[in-house]
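Engineer: File follows, structure_38.txt with compact mmCIF, C-alpha atoms:
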# COMPACT_ATOMS: atom_id res chain seq x y z
CA MET A 249 19.38 24.36 -87.46
CA SER A 250 23.09 25.04 -87.39
CA PRO A 251 25.10 21.96 -86.32
CA ARG A 252 27.44 24.21 -84.37
CA SER A 253 25.06 26.48 -82.54
CA GLY A 254 22.01 24.22 -82.29
CA ARG A 255 19.80 27.32 -82.65
CA ARG A 256 17.16 28.12 -85.24
CA ARG A 257 18.38 30.59 -87.86
CA ASP A 258 16.38 33.76 -88.28
CA PRO A 259 16.43 34.95 -91.91
CA LEU A 260 15.40 38.44 -90.86
CA SER A 261 18.50 38.83 -88.73
CA GLU A 262 20.88 37.39 -91.31
CA GLY A 263 20.21 39.73 -94.26
CA THR A 264 22.94 41.52 -96.11
CA GLY A 265 21.16 44.87 -96.47
CA PRO A 266 22.55 48.05 -94.90
CA LEU A 267 19.76 48.29 -92.35
CA ASP A 268 20.10 44.76 -91.01
CA ARG A 269 22.32 45.88 -88.13
CA LEU A 270 19.46 48.03 -86.85
CA GLY A 271 17.24 44.98 -87.05
CA ARG A 272 19.37 43.28 -84.41
CA PHE A 273 17.87 45.67 -81.84
CA PRO A 274 14.23 45.73 -82.96
CA ARG A 275 12.68 46.86 -79.65
CA SER A 276 14.93 49.90 -79.34
CA ALA A 277 14.61 50.71 -83.03
CA ALA A 278 10.82 50.49 -82.99
CA LEU A 279 10.52 52.65 -79.88
CA LEU A 280 12.84 55.32 -81.30
CA GLY A 281 10.93 55.21 -84.58
CA ALA A 282 7.59 55.66 -82.82
CA ILE A 283 8.96 58.62 -80.85
CA ALA A 284 10.29 60.23 -84.05
CA ILE A 285 6.94 59.91 -85.83
CA ALA A 286 5.08 61.10 -82.73
CA PHE A 287 6.71 64.50 -83.26
CA SER A 288 5.31 64.89 -86.81
CA GLY A 289 2.39 67.10 -85.92
CA ILE A 290 4.43 68.93 -83.28
CA PHE A 291 7.14 70.03 -85.72
CA TYR A 292 4.52 71.00 -88.30
CA ARG A 293 2.65 73.18 -85.79
CA TRP A 294 5.90 74.80 -84.65
CA SER A 295 6.86 75.59 -88.26
CA GLY A 296 3.66 77.54 -88.90
CA VAL A 297 3.81 76.91 -92.66
CA SER A 298 1.05 75.92 -95.08
CA PRO A 299 0.07 72.23 -95.49
CA SER A 300 1.70 71.86 -98.91
CA THR A 301 4.89 73.63 -97.78
CA GLY A 302 5.12 71.28 -94.80
CA VAL A 303 4.79 68.18 -96.98
CA VAL A 304 7.30 69.35 -99.60
CA PHE A 305 10.01 70.13 -97.05
CA ARG A 306 9.27 67.06 -94.94
CA CYS A 307 9.94 64.95 -98.02
CA LEU A 308 12.84 67.09 -99.27
CA TYR A 309 14.79 66.81 -96.04
CA GLY A 310 13.83 63.18 -95.53
CA LEU A 311 15.05 62.13 -98.97
CA PRO A 312 18.86 62.27 -98.54
CA LEU A 313 18.98 59.60 -95.82
CA LEU A 314 16.39 57.50 -97.64
CA ALA A 315 18.30 57.84 -100.91
CA LEU A 316 21.55 56.82 -99.21
CA ALA A 317 19.91 53.76 -97.66
CA ALA A 318 18.29 52.91 -101.01
CA TRP A 319 21.66 53.19 -102.79
CA LEU A 320 23.28 50.86 -100.26
CA GLU A 321 20.42 48.41 -100.80
CA TRP A 322 20.98 48.64 -104.56
CA ARG A 323 24.66 47.83 -104.09
CA SER A 324 23.92 44.78 -101.94
CA ASP A 325 20.69 43.47 -103.52
CA GLY A 326 20.65 44.90 -107.04
CA PRO A 327 18.13 47.28 -108.66
CA MET A 328 14.44 47.34 -107.83
CA SER A 329 12.03 45.76 -110.30
CA ARG A 330 9.79 47.91 -112.48
CA ARG A 331 6.81 46.57 -110.57
CA THR A 332 8.30 47.68 -107.25
CA ILE A 333 9.09 51.15 -108.59
CA GLY A 334 5.61 51.52 -110.10
CA LEU A 335 3.81 50.42 -106.95
CA SER A 336 6.03 52.69 -104.86
CA ALA A 337 5.10 55.64 -107.08
CA VAL A 338 1.39 54.89 -106.65
CA ALA A 339 1.97 54.65 -102.90
CA GLY A 340 3.58 58.10 -103.08
CA VAL A 341 0.38 59.62 -104.47
CA PHE A 342 -1.59 58.14 -101.59
CA PHE A 343 1.08 59.39 -99.20
CA ALA A 344 0.78 62.93 -100.55
CA ALA A 345 -2.99 62.85 -99.97
CA ASP A 346 -2.38 61.47 -96.47
CA LEU A 347 0.14 64.13 -95.42
CA LEU A 348 -1.67 67.07 -97.04
CA THR A 349 -4.96 66.23 -95.36
CA PHE A 350 -3.17 65.46 -92.10
CA HIS A 351 -1.72 68.98 -92.04
CA TYR A 352 -5.14 70.49 -92.67
CA VAL A 353 -6.53 68.41 -89.80
CA VAL A 354 -3.69 69.58 -87.52
CA ASP A 355 -4.67 73.17 -88.34
CA ASP A 356 -8.32 72.42 -87.52
CA ILE A 357 -8.17 70.25 -84.39
CA GLY A 358 -4.52 70.17 -83.27
CA ALA A 359 -1.66 67.72 -83.63
CA GLY A 360 -2.85 65.25 -81.00
CA LEU A 361 -6.39 64.70 -82.26
CA ALA A 362 -5.22 64.77 -85.88
CA THR A 363 -2.84 61.88 -85.18
CA ILE A 364 -5.61 59.88 -83.55
CA MET A 365 -7.80 60.40 -86.63
CA GLY A 366 -5.03 59.21 -88.95
CA ASN A 367 -4.74 55.97 -87.00
CA LEU A 368 -8.26 54.98 -88.00
CA GLN A 369 -6.45 53.49 -91.01
CA VAL A 370 -6.28 50.21 -89.07
CA VAL A 371 -9.97 49.57 -89.69
CA VAL A 372 -9.89 51.04 -93.21
CA VAL A 373 -7.07 48.65 -94.18
CA ALA A 374 -9.01 45.66 -92.83
CA ILE A 375 -12.18 46.59 -94.71
CA ALA A 376 -10.29 47.42 -97.93
CA ALA A 377 -8.44 44.09 -97.81
CA TRP A 378 -11.82 42.36 -97.40
CA LEU A 379 -13.37 44.16 -100.38
CA LEU A 380 -10.33 43.93 -102.67
CA TRP A 381 -8.81 40.55 -101.85
CA GLY A 382 -11.48 38.70 -99.90
CA GLU A 383 -9.49 38.77 -96.65
CA ARG A 384 -12.39 38.67 -94.22
CA PRO A 385 -11.75 40.87 -91.15
CA ARG A 386 -11.43 39.21 -87.79
CA ARG A 387 -14.40 39.43 -85.47
CA GLU A 388 -12.46 41.89 -83.29
CA VAL A 389 -12.32 44.39 -86.15
CA MET A 390 -16.09 44.37 -86.55
CA VAL A 391 -16.52 44.81 -82.79
CA ALA A 392 -14.03 47.68 -82.80
CA LEU A 393 -15.71 49.58 -85.64
CA PRO A 394 -18.70 51.01 -83.71
CA VAL A 395 -16.46 51.77 -80.71
CA MET A 396 -14.09 53.80 -82.88
CA LEU A 397 -16.90 55.53 -84.75
CA PHE A 398 -18.45 56.71 -81.50
CA GLY A 399 -15.01 57.93 -80.47
CA VAL A 400 -14.83 59.93 -83.71
CA VAL A 401 -18.22 61.50 -82.95
CA LEU A 402 -16.91 62.60 -79.56
CA ILE A 403 -13.70 64.01 -81.09
CA SER A 404 -15.82 66.05 -83.52
CA GLY A 405 -17.40 67.81 -80.54
CA VAL A 406 -20.97 67.10 -81.57
CA ILE A 407 -21.55 65.98 -77.99
CA GLY A 408 -19.46 66.27 -74.85
CA GLY A 409 -18.88 69.99 -74.37
CA ILE A 410 -17.17 72.74 -76.32
CA PRO A 411 -14.59 71.07 -78.60
CA TYR A 412 -10.97 72.13 -78.95
CA GLY A 413 -9.90 73.33 -82.39
CA ALA A 414 -10.63 75.97 -84.98
CA ASN A 415 -13.19 73.73 -86.71
CA ALA A 416 -13.58 70.34 -85.06
CA GLN A 417 -16.31 69.01 -87.37
CA LEU A 418 -14.38 69.88 -90.54
CA GLY A 419 -11.19 68.52 -89.02
CA VAL A 420 -12.81 65.17 -88.30
CA ALA A 421 -14.30 64.99 -91.80
CA ILE A 422 -10.91 65.64 -93.40
CA GLY A 423 -9.35 63.25 -90.88
CA LEU A 424 -11.42 60.42 -92.32
CA ILE A 425 -9.86 61.20 -95.72
CA THR A 426 -6.45 61.12 -94.03
CA ALA A 427 -7.16 57.65 -92.64
CA CYS A 428 -8.33 56.35 -96.02
CA SER A 429 -5.30 57.85 -97.80
CA TYR A 430 -2.88 56.40 -95.26
CA ALA A 431 -4.58 53.02 -95.61
CA GLY A 432 -4.09 53.24 -99.38
CA TYR A 433 -0.41 54.03 -98.88
CA LEU A 434 0.09 51.08 -96.52
CA LEU A 435 -1.75 48.61 -98.74
CA VAL A 436 0.30 49.54 -101.79
CA ILE A 437 3.72 50.00 -100.18
CA ARG A 438 3.47 46.63 -98.46
CA ARG A 439 3.04 44.97 -101.85
CA ALA A 440 5.92 46.98 -103.27
CA SER A 441 8.38 46.64 -100.39
CA PRO A 442 10.13 43.34 -99.63
CA THR A 443 11.26 42.99 -96.02
CA SER A 444 14.90 42.79 -97.16
CA ARG A 445 14.90 46.23 -98.79
CA PRO A 446 12.58 48.76 -97.12
CA ALA A 447 14.44 51.95 -98.06
CA GLY A 448 14.16 51.90 -101.87
CA PRO A 449 10.36 51.80 -102.12
CA VAL A 450 9.98 54.38 -99.34
CA ALA A 451 12.46 56.66 -101.11
CA VAL A 452 10.51 56.44 -104.39
CA ALA A 453 7.22 57.05 -102.59
CA THR A 454 8.71 60.04 -100.78
CA LEU A 455 9.96 61.59 -104.02
CA VAL A 456 6.57 61.19 -105.70
CA CYS A 457 4.86 62.54 -102.58
CA MET A 458 7.03 65.67 -102.68
CA LEU A 459 6.28 66.29 -106.36
CA ALA A 460 2.54 65.74 -105.91
CA ALA A 461 2.38 68.02 -102.87
CA GLY A 462 4.37 70.69 -104.71
CA LEU A 463 1.95 70.55 -107.64
CA PHE A 464 -1.02 70.80 -105.27
CA GLY A 465 0.51 73.75 -103.44
CA ALA A 466 1.24 75.55 -106.71
CA LEU A 467 -2.33 75.02 -107.91
CA VAL A 468 -3.97 76.30 -104.70
CA GLY A 469 -1.38 79.04 -104.24
CA ASN A 470 -0.11 78.24 -100.72
CA LEU A 471 3.33 76.77 -101.51
CA ASP A 472 6.26 78.68 -99.99
CA LEU A 473 9.63 77.53 -101.32
CA VAL A 474 11.65 79.91 -99.13
CA PRO A 475 10.31 79.63 -95.57
CA SER A 476 12.16 81.79 -93.06
CA LEU A 477 13.75 80.86 -89.76
CA PRO A 478 12.85 79.37 -87.35
CA ALA A 479 10.20 77.70 -89.52
CA HIS A 480 12.87 76.26 -91.77
CA ALA A 481 14.71 74.68 -88.84
CA TYR A 482 11.53 72.95 -87.68
CA LEU A 483 10.91 71.67 -91.22
CA LEU A 484 14.46 70.27 -91.29
CA ALA A 485 13.86 68.44 -88.01
CA TYR A 486 10.45 67.31 -89.30
CA GLY A 487 11.89 65.78 -92.46
CA ILE A 488 14.89 64.05 -90.91
CA SER A 489 13.11 62.69 -87.83
CA SER A 490 9.69 61.73 -89.15
CA GLN A 491 10.20 60.99 -92.82
CA SER A 492 13.53 59.19 -92.86
CA ILE A 493 14.63 58.04 -89.41
CA GLY A 494 11.18 57.24 -88.02
CA TYR A 495 9.84 55.33 -91.02
CA LEU A 496 13.05 53.39 -91.61
CA LEU A 497 13.36 52.34 -87.98
CA ILE A 498 9.77 51.14 -87.82
CA GLN A 499 9.80 49.39 -91.20
CA VAL A 500 12.99 47.53 -90.28
CA SER A 501 12.02 46.58 -86.73
CA LEU A 502 8.35 45.63 -86.76
CA PRO A 503 8.69 42.40 -88.80
CA ARG A 504 11.28 41.23 -86.27
CA LEU A 505 9.14 41.79 -83.16
CA PRO A 506 6.54 39.58 -81.47
CA ALA A 507 3.01 40.51 -82.51
CA VAL A 508 2.05 41.77 -79.07
CA LEU A 509 4.98 44.20 -78.99
CA THR A 510 4.25 45.38 -82.53
CA SER A 511 0.66 46.21 -81.60
CA ALA A 512 1.66 47.95 -78.38
CA ILE A 513 4.21 50.16 -80.14
CA LEU A 514 1.77 51.10 -82.89
CA LEU A 515 -0.75 52.06 -80.21
CA ALA A 516 1.79 54.03 -78.20
CA GLN A 517 2.66 56.43 -81.02
CA PRO A 518 -0.69 58.30 -81.28
CA VAL A 519 -1.03 58.39 -77.51
CA MET A 520 2.47 59.90 -77.24
CA THR A 521 1.47 62.59 -79.74
CA VAL A 522 -1.62 63.53 -77.74
CA ILE A 523 0.45 63.86 -74.56
CA LEU A 524 3.24 65.79 -76.33
CA ALA A 525 0.72 68.16 -77.92
CA ILE A 526 -0.80 68.95 -74.53
CA ILE A 527 2.62 69.56 -72.95
CA LEU A 528 4.48 71.27 -75.80
CA LEU A 529 1.70 73.01 -77.72
CA GLY A 530 -0.76 73.73 -74.93
CA GLU A 531 -3.54 71.90 -76.74
CA ALA A 532 -6.56 71.39 -74.50
CA PRO A 533 -9.07 68.86 -75.85
CA SER A 534 -12.43 68.91 -74.14
CA PRO A 535 -13.43 66.07 -71.78
CA GLY A 536 -15.64 64.68 -74.52
CA GLN A 537 -12.77 64.70 -77.01
CA ILE A 538 -10.45 63.02 -74.50
CA ALA A 539 -13.12 60.33 -74.04
CA GLY A 540 -13.24 59.99 -77.82
CA VAL A 541 -9.48 59.49 -77.91
CA GLY A 542 -9.84 56.76 -75.31
CA LEU A 543 -12.53 54.99 -77.33
CA VAL A 544 -10.47 55.15 -80.53
CA VAL A 545 -7.43 53.73 -78.71
CA VAL A 546 -9.56 50.93 -77.23
CA GLY A 547 -10.93 50.27 -80.72
CA LEU A 548 -7.39 50.16 -82.11
CA ALA A 549 -6.41 47.71 -79.39
CA LEU A 550 -9.36 45.50 -80.31
CA ALA A 551 -8.84 45.75 -84.06
CA THR A 552 -5.13 44.97 -83.93
CA GLY A 553 -5.60 42.11 -81.50
CA THR A 554 -3.51 43.78 -78.81
CA ILE A 555 -5.92 42.97 -76.00
CA ALA A 556 -6.20 39.31 -77.02
CA ARG A 557 -2.43 38.98 -77.42
CA VAL A 558 -1.72 40.52 -74.04
CA ARG A 559 -4.30 38.20 -72.45
CA ASP A 560 -2.84 35.14 -74.17
CA ASN A 561 0.68 36.22 -73.21
CA LEU A 562 -0.33 36.58 -69.58
CA GLN A 563 -2.15 33.25 -69.56
CA GLY A 564 0.79 31.53 -71.23
CA GLY A 565 3.21 32.93 -68.67
CA LEU A 566 1.04 31.93 -65.74
CA ALA A 567 0.39 28.47 -67.17
CA SER A 568 4.12 27.84 -67.50
CA GLY A 569 4.67 28.85 -63.90
CA GLY A 570 6.81 31.85 -64.83
CA THR A 571 6.36 35.52 -65.49
CA PRO A 572 4.74 36.71 -68.72
CA ALA A 573 7.23 37.47 -71.49
Have the structure of the file written as structure tokens, please.
Structural biologist:
Amino acid sequence: MSPRSGRRRDPLSEGTGPLDRLGRFPRSAALLGAIAIAFSGIFYRWSGVSPSTGVVFRCLYGLPLLALAAWLEWRSDGPMSRRTIGLSAVAGVFFAADLLTFHYVVDDIGAGLATIMGNLQVVVVAIAAWLLWGERPRREVMVALPVMLFGVVLISGVIGGIPYGANAQLGVAIGLITACSYAGYLLVIRRASPTSRPAGPVAVATLVCMLAAGLFGALVGNLDLVPSLPAHAYLLAYGISSQSIGYLLIQVSLPRLPAVLTSAILLAQPVMTVILAIILLGEAPSPGQIAGVGLVVVGLALATGTIARVRDNLQGGLASGGTPA
């Protein structure tokens, strides 16, 4: 404790990195970051380009801001270690698989449902950490798993009426690959990225993601390096908002927030995308698919401990005779 202020020092708020000023307003930064990422599928649908083209330009236009932030980190904290660069590159391969499959899912079942499918990574991460490092999942994760799986069945349209989407069953199947790929990205990038320097590893991963997606697009023959307007404008907005601003804001802010707020913000992002897709894209999921979305969100709330944290927060506030924080 400082003898002058008498307050506990927070190392997260006293860093010297270029993004630390944003970390002083973590709630605002996290909310803005969630909103930026919520538009990912929207901008991709508006662009009308192929999956590989969307990934390449998302990364291309996201790189300048990431590279600038990474350079400022290098000036203040020194170069990244070889281990950090290597892990970030591996994360970039997972990220390419995540974004490519996500775009295919958007084409099959729409931006809203595709985003919900990608967020199944919460359970995948928990199970992978158990299998790889012996980190046994909490009981809530095991309870959430069947709830979320039944939600996925409803989203696929197997039951619950005529499903929305060009091919709901295929979209859900690819969406499971998206969730696994995103889980792989998160598991690796977290081991590569110290809290004090989030931009460098994300910049490396983004560069590798762009190269991998470009190679994939060239091999399958659907890469367009000269998209026309207005598609190009949407890709520019996609890259700047989702890839650089959104990810940086979230990566900087979440470690500085209370756990209950972190969980709530992470849950809000896919729900925002579903609502935006209905309003802006005219997507119309069937009642069964909407019910599936609800079950997946409930499962996410269980798996991330949001429900328990909200309950404990309320009980703590009432027990102290005040209002919940």
Engineer: Between A:Gly540, A:Pro385, A:Gly366, A:Pro327, which has the minimum distance to Gln517 (chain A) (counting only C-alpha atoms)?
Structural biologist: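 Residue with the minimum atom-to-atom distance to Gln517 (chain A): A:Gly366.
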Engineer: Find, counting all atoms listed in the file, the residue in A:Ala337, A:Met390, A:Val406, A:Val545 that gets nearest to Pro518 (chain A).
Structural biologist: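 Smallest distance to Pro518 (chain A) is found for A:Val545.
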Engineer: Between A:Pro274, A:Gly360, A:Gly334, A:Pro478, single out the one closest to Ala532 (chain A), counting only C-alpha atoms.
Structural biologist: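 Ranking A:Pro274, A:Gly360, A:Gly334, A:Pro478 by distance to Ala532 (chain A), first place goes to A:Gly360.
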Engineer: For the point (-3.9, 50.6, -105.7) in the file's frame, write as a PDB file with C-alpha atoms, in the coordinates of the input all residues with an atom no more than 9 Å away, counting only C-alpha atoms.
Structural biologist:
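And here's part.pdb as it stands now:
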ATOM      1  CA  LEU A 335       3.810  50.420-106.950  1.00  0.00           C
ATOM      2  CA  VAL A 338       1.390  54.890-106.650  1.00  0.00           C
ATOM      3  CA  ALA A 339       1.970  54.650-102.900  1.00  0.00           C
ATOM      4  CA  PHE A 342      -1.590  58.140-101.590  1.00  0.00           C
ATOM      5  CA  GLY A 432      -4.090  53.240 -99.380  1.00  0.00           C
ATOM      6  CA  TYR A 433      -0.410  54.030 -98.880  1.00  0.00           C
ATOM      7  CA  LEU A 435      -1.750  48.610 -98.740  1.00  0.00           C
ATOM      8  CA  VAL A 436       0.300  49.540-101.790  1.00  0.00           C
TER       9      VAL A 436
END
Engineer: Select, from A:Val401, A:Ala362, A:Leu379, A:Val546, the residue with the minimum atom-to-atom distance to Ile290 (chain A), counting all atoms listed in the file.
Structural biologist: A:Ala362
Engineer: When distances are computed from all atoms listed in the file, which of A:Leu280, A:Leu308, A:Leu484, A:Leu316 shows the smallest separation from Met458 (chain A)?
Structural biologist: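 Between A:Leu280, A:Leu308, A:Leu484, A:Leu316, the residue approaching Met458 (chain A) most closely is A:Leu308.
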Engineer: Take CA of Asp472 (chain A) and CA of Leu496 (chain A) and report the distance between them in Å, one decimal.
Structural biologist: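 If I compute the distance from CA of Asp472 (chain A) to CA of Leu496 (chain A), I get 27.5 Å.
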